[in-house]
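Q: Contents of entry_16.cif (mmCIF, C-alpha atoms and all ligand atoms) are below:
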```
data_structure
#
loop_
_atom_site.label_atom_id
_atom_site.label_comp_id
_atom_site.auth_asym_id
_atom_site.auth_seq_id
_atom_site.Cartn_x
_atom_site.Cartn_y
_atom_site.Cartn_z
CA MET E 1 175.76 104.90 74.03
CA SER E 2 175.03 106.58 70.71
CA SER E 3 171.53 107.03 69.30
CA SER E 4 170.19 109.53 66.80
CA SER E 5 167.63 111.95 68.23
CA ASN E 6 164.87 110.30 66.13
CA ASP E 7 165.51 107.00 67.87
CA LEU E 8 165.47 108.51 71.33
CA CYS E 9 162.36 108.22 73.40
CA VAL E 10 163.52 108.97 76.92
CA HIS E 11 166.52 111.10 77.71
CA THR E 12 167.82 112.56 80.97
CA ASP E 13 170.64 115.04 81.15
CA HIS E 14 172.53 115.59 84.44
CA LEU E 15 169.38 114.90 86.42
CA SER E 16 169.49 115.41 90.21
CA TYR E 17 166.74 115.19 92.76
CA SER E 18 166.33 115.67 96.49
CA PHE E 19 163.08 115.14 98.42
CA ALA E 20 163.77 118.24 100.56
CA PRO E 21 166.47 120.92 100.75
CA ASN E 22 167.86 119.46 103.98
CA LEU E 23 167.98 115.88 102.65
CA PRO E 24 170.81 114.31 100.63
CA LEU E 25 170.30 113.89 96.91
CA SER E 26 168.33 110.78 95.99
CA LEU E 27 169.57 111.08 92.39
CA HIS E 28 172.93 112.57 91.41
CA ASP E 29 173.76 113.71 87.92
CA VAL E 30 171.91 110.94 86.09
CA SER E 31 172.30 111.04 82.30
CA VAL E 32 170.67 108.17 80.41
CA LYS E 33 169.18 107.54 76.99
CA PHE E 34 166.47 104.99 76.33
CA PRO E 35 166.00 104.46 72.58
CA LYS E 36 162.64 103.64 71.05
CA GLY E 37 161.96 99.92 71.24
CA SER E 38 164.37 99.42 74.16
CA ARG E 39 163.63 97.41 77.31
CA THR E 40 165.65 98.78 80.20
CA LEU E 41 166.03 97.07 83.55
CA LEU E 42 166.75 99.36 86.52
CA VAL E 43 168.97 97.53 89.00
CA GLY E 44 169.92 98.69 92.48
CA ALA E 45 169.69 98.03 96.19
CA ASN E 46 166.75 99.23 98.24
CA GLY E 47 166.98 103.02 98.36
CA ALA E 48 169.26 103.27 95.30
CA GLY E 49 166.93 105.71 93.51
CA LYS E 50 165.01 103.52 91.05
CA SER E 51 161.50 104.67 92.06
CA THR E 52 162.64 108.27 92.22
CA LEU E 53 163.93 108.06 88.64
CA LEU E 54 160.74 106.38 87.40
CA LYS E 55 158.53 109.01 89.07
CA LEU E 56 160.58 111.81 87.53
CA LEU E 57 160.31 110.19 84.09
CA ALA E 58 156.54 109.91 84.62
CA GLY E 59 156.34 113.64 85.37
CA LYS E 60 154.98 113.03 88.87
CA THR E 61 157.52 115.36 90.37
CA ILE E 62 159.95 118.01 89.16
CA ALA E 63 163.72 117.64 89.04
CA ASN E 64 165.92 119.93 91.13
CA ALA E 65 168.54 120.06 88.40
CA GLY E 66 169.02 118.71 84.91
CA LYS E 67 166.64 117.91 82.12
CA ILE E 68 164.18 115.14 81.22
CA THR E 69 162.80 114.64 77.75
CA VAL E 70 160.20 112.01 77.00
CA ASN E 71 159.02 111.88 73.40
CA GLY E 72 160.35 115.36 72.83
CA SER E 73 158.79 117.11 75.84
CA ASP E 74 159.26 117.60 79.57
CA PRO E 75 156.83 115.15 81.23
CA PHE E 76 156.32 117.40 84.27
CA ARG E 77 155.38 120.48 82.25
CA GLU E 78 153.40 118.89 79.43
CA THR E 79 150.84 116.15 79.87
CA ASN E 80 151.90 113.20 77.77
CA SER E 81 149.20 110.59 77.33
CA GLY E 82 151.72 108.18 75.80
CA ILE E 83 153.46 107.68 79.16
CA ILE E 84 152.07 105.01 81.47
CA TYR E 85 153.45 104.62 84.99
CA LEU E 86 152.46 101.56 87.01
CA GLY E 87 153.63 101.44 90.61
CA THR E 88 152.95 99.37 93.67
CA GLU E 89 150.64 101.91 95.37
CA TRP E 90 147.50 101.14 93.31
CA VAL E 91 146.73 97.83 94.98
CA THR E 92 146.87 99.42 98.44
CA ASN E 93 144.21 101.99 97.51
CA PRO E 94 141.06 101.16 99.54
CA VAL E 95 138.90 101.94 96.50
CA VAL E 96 140.12 98.81 94.69
CA HIS E 97 139.32 96.67 97.73
CA ARG E 98 135.62 97.53 97.54
CA ASP E 99 132.91 95.21 96.36
CA MET E 100 133.00 96.14 92.70
CA ASP E 101 133.08 94.02 89.61
CA VAL E 102 136.12 93.75 87.36
CA VAL E 103 134.19 94.45 84.15
CA ARG E 104 133.00 97.82 85.45
CA LEU E 105 136.52 98.70 86.54
CA ILE E 106 138.08 97.80 83.19
CA ALA E 107 135.29 99.58 81.29
CA SER E 108 135.85 102.71 83.42
CA ILE E 109 139.27 103.29 81.93
CA GLY E 110 138.18 102.84 78.33
CA GLY E 111 138.08 99.08 78.03
CA ASP E 112 135.57 99.34 75.17
CA LEU E 113 137.80 101.63 73.12
CA TYR E 114 140.34 98.87 72.50
CA PRO E 115 138.29 95.67 72.49
CA GLU E 116 140.92 93.49 70.81
CA ARG E 117 143.70 94.64 73.10
CA ARG E 118 141.38 94.36 76.12
CA ASP E 119 140.47 90.76 75.31
CA LYS E 120 144.10 89.87 74.65
CA LEU E 121 145.15 91.31 78.02
CA ILE E 122 142.29 89.59 79.87
CA LYS E 123 143.38 86.29 78.35
CA MET E 124 147.09 86.87 78.87
CA LEU E 125 146.60 87.91 82.50
CA ASP E 126 144.10 85.09 83.04
CA ILE E 127 141.47 87.40 84.53
CA ASP E 128 138.13 85.90 85.49
CA LEU E 129 135.50 88.49 84.56
CA ARG E 130 133.33 87.30 87.47
CA TRP E 131 135.90 88.49 90.03
CA ARG E 132 134.82 91.10 92.55
CA MET E 133 137.57 93.33 93.85
CA HIS E 134 136.91 92.76 97.58
CA ALA E 135 137.26 89.00 97.07
CA VAL E 136 140.46 88.57 95.04
CA SER E 137 144.02 87.73 96.06
CA ASP E 138 146.87 90.27 95.93
CA GLY E 139 148.20 88.76 92.69
CA GLU E 140 144.73 88.73 91.12
CA ARG E 141 144.27 92.40 92.07
CA ARG E 142 147.66 93.12 90.51
CA ARG E 143 146.58 91.44 87.27
CA VAL E 144 143.57 93.75 87.11
CA GLN E 145 145.85 96.77 87.63
CA LEU E 146 148.12 95.62 84.81
CA CYS E 147 145.18 95.00 82.50
CA MET E 148 143.80 98.48 83.18
CA GLY E 149 147.21 100.11 82.83
CA LEU E 150 148.06 98.42 79.55
CA ILE E 151 144.73 98.72 77.72
CA ARG E 152 145.67 101.98 76.02
CA PRO E 153 148.65 101.45 73.70
CA PHE E 154 151.53 103.29 75.37
CA GLU E 155 154.67 104.82 73.94
CA VAL E 156 156.61 104.70 77.18
CA LEU E 157 155.86 102.24 79.98
CA LEU E 158 157.42 102.79 83.41
CA LEU E 159 157.04 99.77 85.70
CA ASP E 160 158.00 100.02 89.35
CA GLU E 161 158.14 96.45 90.70
CA VAL E 162 154.57 95.60 89.80
CA THR E 163 155.34 91.96 89.09
CA VAL E 164 156.42 90.96 92.58
CA ASP E 165 153.14 89.30 93.51
CA LEU E 166 152.45 87.63 90.16
CA ASP E 167 152.90 83.88 89.85
CA VAL E 168 155.71 82.81 87.52
CA LEU E 169 153.38 82.03 84.61
CA ALA E 170 151.63 85.41 84.81
CA ARG E 171 155.00 87.19 85.06
CA TYR E 172 156.40 85.26 82.12
CA SER E 173 153.30 85.94 79.98
CA LEU E 174 153.37 89.63 80.87
CA LEU E 175 157.06 90.01 80.00
CA GLU E 176 156.53 88.25 76.67
CA PHE E 177 153.59 90.56 75.93
CA LEU E 178 155.78 93.56 76.74
CA ARG E 179 158.63 92.25 74.59
CA GLU E 180 156.19 92.07 71.67
CA GLU E 181 155.03 95.64 72.36
CA THR E 182 158.61 96.89 71.96
CA GLN E 183 159.22 94.81 68.85
CA SER E 184 155.92 95.38 67.00
CA ARG E 185 155.14 98.98 68.04
CA ASN E 186 158.60 100.31 68.96
CA ALA E 187 157.32 101.08 72.48
CA THR E 188 159.90 101.86 75.19
CA ILE E 189 159.87 100.15 78.58
CA VAL E 190 161.76 100.90 81.79
CA TYR E 191 161.31 98.27 84.50
CA ALA E 192 162.59 98.32 88.08
CA THR E 193 162.66 94.94 89.77
CA HIS E 194 164.53 92.87 92.33
CA ILE E 195 163.63 89.58 90.67
CA PHE E 196 166.24 88.63 88.08
CA ASP E 197 165.59 84.96 87.52
CA GLY E 198 163.69 84.15 84.34
CA ILE E 199 164.40 87.47 82.63
CA GLY E 200 167.99 86.95 81.47
CA ASP E 201 167.17 87.60 77.81
CA TRP E 202 164.44 90.20 78.36
CA PRO E 203 166.25 93.52 78.84
CA THR E 204 168.10 95.20 76.00
CA GLN E 205 169.99 97.43 78.42
CA LEU E 206 170.72 97.77 82.13
CA VAL E 207 171.02 100.81 84.38
CA HIS E 208 172.62 100.06 87.74
CA LEU E 209 172.06 102.75 90.37
CA SER E 210 173.84 102.95 93.69
CA LEU E 211 173.16 105.70 96.24
CA GLY E 212 171.45 107.69 93.50
CA ARG E 213 174.34 107.51 91.02
CA ILE E 214 174.75 105.48 87.86
CA VAL E 215 177.40 102.80 88.32
CA HIS E 216 176.79 100.66 85.24
CA TYR E 217 174.81 101.55 82.15
CA GLY E 218 174.78 99.92 78.76
CA PRO E 219 173.57 97.06 76.56
CA ILE E 220 173.02 93.84 78.49
CA SER E 221 175.35 92.01 76.09
CA GLU E 222 178.23 94.18 77.31
CA LEU E 223 177.37 94.13 81.02
CA VAL E 224 176.41 90.50 81.50
CA ASP E 225 179.19 88.59 79.85
CA SER E 226 179.70 84.89 79.55
CA SER E 227 182.71 84.92 81.90
CA ILE E 228 180.34 84.86 84.84
CA VAL E 229 179.22 81.30 85.26
CA SER E 230 176.76 80.58 87.98
CA GLN E 231 177.72 77.82 90.37
CA LYS E 232 174.27 77.74 91.90
CA GLY E 233 172.01 77.35 88.89
CA ASN E 234 171.09 81.06 88.97
CA SER E 235 170.84 83.11 85.80
CA ARG E 236 173.92 85.11 84.80
CA LEU E 237 171.86 88.29 85.16
CA LEU E 238 171.10 87.41 88.78
CA GLU E 239 174.76 86.60 89.46
CA VAL E 240 175.91 89.93 87.99
CA CYS E 241 173.29 91.93 89.90
CA LEU E 242 174.10 90.10 93.13
CA TYR E 243 177.79 90.91 92.65
CA TRP E 244 177.03 94.58 91.90
CA LEU E 245 174.89 94.97 95.01
CA GLN E 246 177.54 93.28 97.17
CA GLN E 247 180.06 95.83 95.84
CA ASP E 248 177.60 98.68 96.53
CA ARG E 249 177.18 97.49 100.11
CA LYS E 250 180.97 97.38 100.59
CA LEU E 251 181.34 100.84 99.09
CA ARG E 252 178.60 102.25 101.27
CA GLY E 253 180.01 100.62 104.42
CA ASP E 254 178.03 99.76 107.49
CA ARG E 255 175.13 102.01 108.30
CA GLY E 256 176.93 103.32 111.39
CA GLN E 257 179.81 104.64 109.27
CA GLU E 258 177.70 107.06 107.28
CA ASN E 259 177.15 109.50 110.12
CA ARG E 260 173.83 107.86 110.67
CA ALA E 261 172.42 107.85 114.16
CA THR E 262 173.17 104.92 116.43
CA TRP E 263 170.42 102.99 118.20
CA ASP E 264 171.18 104.73 121.50
CA ASP E 265 171.12 108.23 119.92
CA VAL E 266 167.76 107.60 118.37
CA LYS E 267 166.30 105.92 121.43
CA GLU E 268 167.30 108.86 123.61
CA HIS E 269 165.68 111.20 121.11
CA LEU E 270 162.47 109.20 121.08
CA ASN E 271 162.42 108.75 124.84
CA VAL E 272 159.17 110.64 125.26
CA GLY E 273 157.22 108.36 122.99
CA ILE E 274 158.94 105.02 123.32
CA ASN E 275 156.44 103.64 125.85
CA VAL E 276 153.69 104.22 123.34
CA PHE E 277 155.30 101.61 121.07
CA THR E 278 156.18 99.12 123.79
CA ASP E 279 152.67 99.43 125.22
CA TYR E 280 151.23 98.90 121.77
CA PHE E 281 153.25 95.71 121.24
CA LYS E 282 152.44 94.42 124.71
CA ARG E 283 148.76 94.94 124.09
CA SER E 284 148.81 93.48 120.56
CA ARG E 285 150.64 90.36 121.80
CA GLY E 286 148.45 90.07 124.85
CA LEU E 287 151.40 90.70 127.23
N1 LIG D 1 159.22 110.50 100.42
C1 LIG D 1 160.54 110.52 100.66
N2 LIG D 1 161.08 111.48 101.43
C2 LIG D 1 162.41 111.52 101.67
N3 LIG D 1 163.30 110.65 101.17
C3 LIG D 1 162.81 109.66 100.39
C4 LIG D 1 161.42 109.55 100.10
N4 LIG D 1 161.23 108.47 99.30
C5 LIG D 1 162.46 107.94 99.11
N5 LIG D 1 163.41 108.65 99.77
C6 LIG D 1 164.85 108.38 99.78
O1 LIG D 1 165.33 108.50 98.45
C7 LIG D 1 166.27 107.46 98.17
C8 LIG D 1 165.86 106.71 96.92
O2 LIG D 1 164.63 106.07 97.20
P1 LIG D 1 163.86 105.22 96.09
O3 LIG D 1 162.49 104.97 96.61
O4 LIG D 1 163.99 105.89 94.78
O5 LIG D 1 164.73 103.88 96.09
P2 LIG D 1 164.50 102.52 95.29
O6 LIG D 1 165.76 102.21 94.56
O7 LIG D 1 163.25 102.59 94.50
O8 LIG D 1 164.34 101.49 96.48
P3 LIG D 1 163.45 100.14 96.63
O9 LIG D 1 164.20 99.07 95.90
O10 LIG D 1 163.46 99.90 98.09
O11 LIG D 1 162.08 100.40 96.10
C9 LIG D 1 166.37 106.62 99.44
O12 LIG D 1 167.51 107.00 100.15
C10 LIG D 1 165.14 106.96 100.22
O13 LIG D 1 165.39 106.90 101.61
#
```
Please express what this file holds, its structure, as structure tokens.
Ligand SMILES: Nc1ncnc2c1ncn2[C@@H]1O[C@H](COP(=O)(O)OP(=O)(O)OP(=O)(O)O)[C@@H](O)[C@H]1O
A:
Amino acid sequence: MSSSSNDLCVHTDHLSYSFAPNLPLSLHDVSVKFPKGSRTLLVGANGAGKSTLLKLLAGKTIANAGKITVNGSDPFRETNSGIIYLGTEWVTNPVVHRDMDVVRLIASIGGDLYPERRDKLIKMLDIDLRWRMHAVSDGERRRVQLCMGLIRPFEVLLLDEVTVDLDVLARYSLLEFLREETQSRNATIVYATHIFDGIGDWPTQLVHLSLGRIVHYGPISELVDSSIVSQKGNSRLLEVCLYWLQQDRKLRGDRGQENRATWDDVKEHLNVGINVFTDYFKRSRGL
């Protein structure tokens, strides 16, 4: 894909990453370009490397090899306030399950600095300002996270499956808001999700990762073509992604064929502690 350097916002060059020297690479030689104003969907099976790529782009960890440039600088080495990363972890933090009011929480991250944007987000995410964080549902807590994360106008937004617990209306409204952010402010968004229905016309480009490598990468118009007609009423995007992941599974083979341990190997290894688990389950089920 060709883009002039002025148009480029996020750029990786032969990026590789492993969580530890003795572990296989979680990303292999990933080179991608995300132009300003683009909306990229990261597609891949569980464990394909989507979160790893997003965390590297956010500067949360350092690459083993290759280069990352976000808005002209390396996000790990230079703090870049224009990058916002929103992941699933936030809602599991005990702090946001405490008895605290939503207004205080939103104010704590600068809610008063952008009053218009704040009010727009509160309306769009349908947040009730009387909510208290210990007494909201998972989806309501997620809406508060999104509101807090989006209050400051971002240049690059990295979303790691933070829409999974939103109802369809909230998800639709959020994605329309984000589309407008890319169109009106030229912001760049990279979004990893497993939910493909209802977003067929949202991404401008797709990156399909399998076992840490790029398999497909390009404009959605080239990757999701009209020759794929869903027989089941699914979106074409869903049908394409389903097909890709089926191919990935075939390519990978069964788990047992990858020199992974068998059940018996592992059980023998764990022999010392296995009663701890069985005892735990017996107790928890009243056996
Ligand atoms: N903390 C970790 N330590 C070691 N390996 C890890 C760690 N986190 C992830 N991995 C491995 O890195 C690979 C990529 O994981 P990653 O979380 O990026 O996948 P993903 O595409 O985001 O998956 P999912 O769709 O399940 O969120 C996987 O093989 C996974 O087992």
Q: Taking all atoms listed in the file into account, name the residue in E:His11, E:Arg152, E:Arg143, E:Lys33 that is nearest to Val70 (chain E).
A: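 Counting all atoms listed in the file, the residue closest to Val70 (chain E) is E:His11.
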Q: Looking at E:Ala58, E:Cys241, E:Ala65, E:Leu113, which one is nearest to Arg77 (chain E), with distances taken over all atoms listed in the file?
A: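 Checking each of E:Ala58, E:Cys241, E:Ala65, E:Leu113 against Arg77 (chain E), counting all atoms listed in the file, the winner is E:Ala58.
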Q: Applying 7 Å and only C-alpha atoms, which residues near region 34-42 of chain E remain after dropping the ones on its own chain fewer than 6 positions away? List them as a list of chain:residue names.
A: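 Counting only C-alpha atoms, the residues come to E:Ser3, E:Asp7, E:Leu8, E:Cys9, E:Val10, E:His11, E:Lys50, E:Thr182, E:Gln183, E:Asn186, E:Ala187, E:Thr188, E:Ile189, E:Val190, E:Tyr191, E:Ala192, E:Thr193, E:Pro203, E:Thr204, E:Gln205, E:Leu206, E:Val207, E:His208.
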Q: Which residues are near ligand LIG 1 (chain D) - at most 9 Å, using all atoms listed in the file? Format: as a ChimeraX atom specification.
A: /E:17-20,23-27,42-55,160-161,192-194,209-212
Q: Work out how far CA of His216 (chain E) is from CA of Val240 (chain E), in Å to one decimal.
A: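 Between CA of Val240 (chain E) and CA of His216 (chain E) the gap works out to 11.1 Å.
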Q: As a PyMOL selection string, please: the residues near Leu125 (chain E) (cut-off 9 Å, only C-alpha atoms, same-chain neighbours under 4 positions excluded).
A: chain E and resi 120-121+140+143-144+146-147+170-171+173-174
Q: Would you list the residues near (137.5, 99.7, 84.2), meaning any protein, DNA or RNA residue with an atom at most 10 Å from that point in file coordinates, counting all atoms listed in the file, as a ChimeraX atom specification?
A: /E:101-112,144-145,147-149,151
Q: With only C-alpha atoms as the basis for distance, which of E:Asp165, E:Asp29, E:Asp126, E:Glu222 is at the shortest distance from Ile195 (chain E)?
A: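 Checking each candidate against Ile195 (chain E), we get E:Asp165 as the closest.
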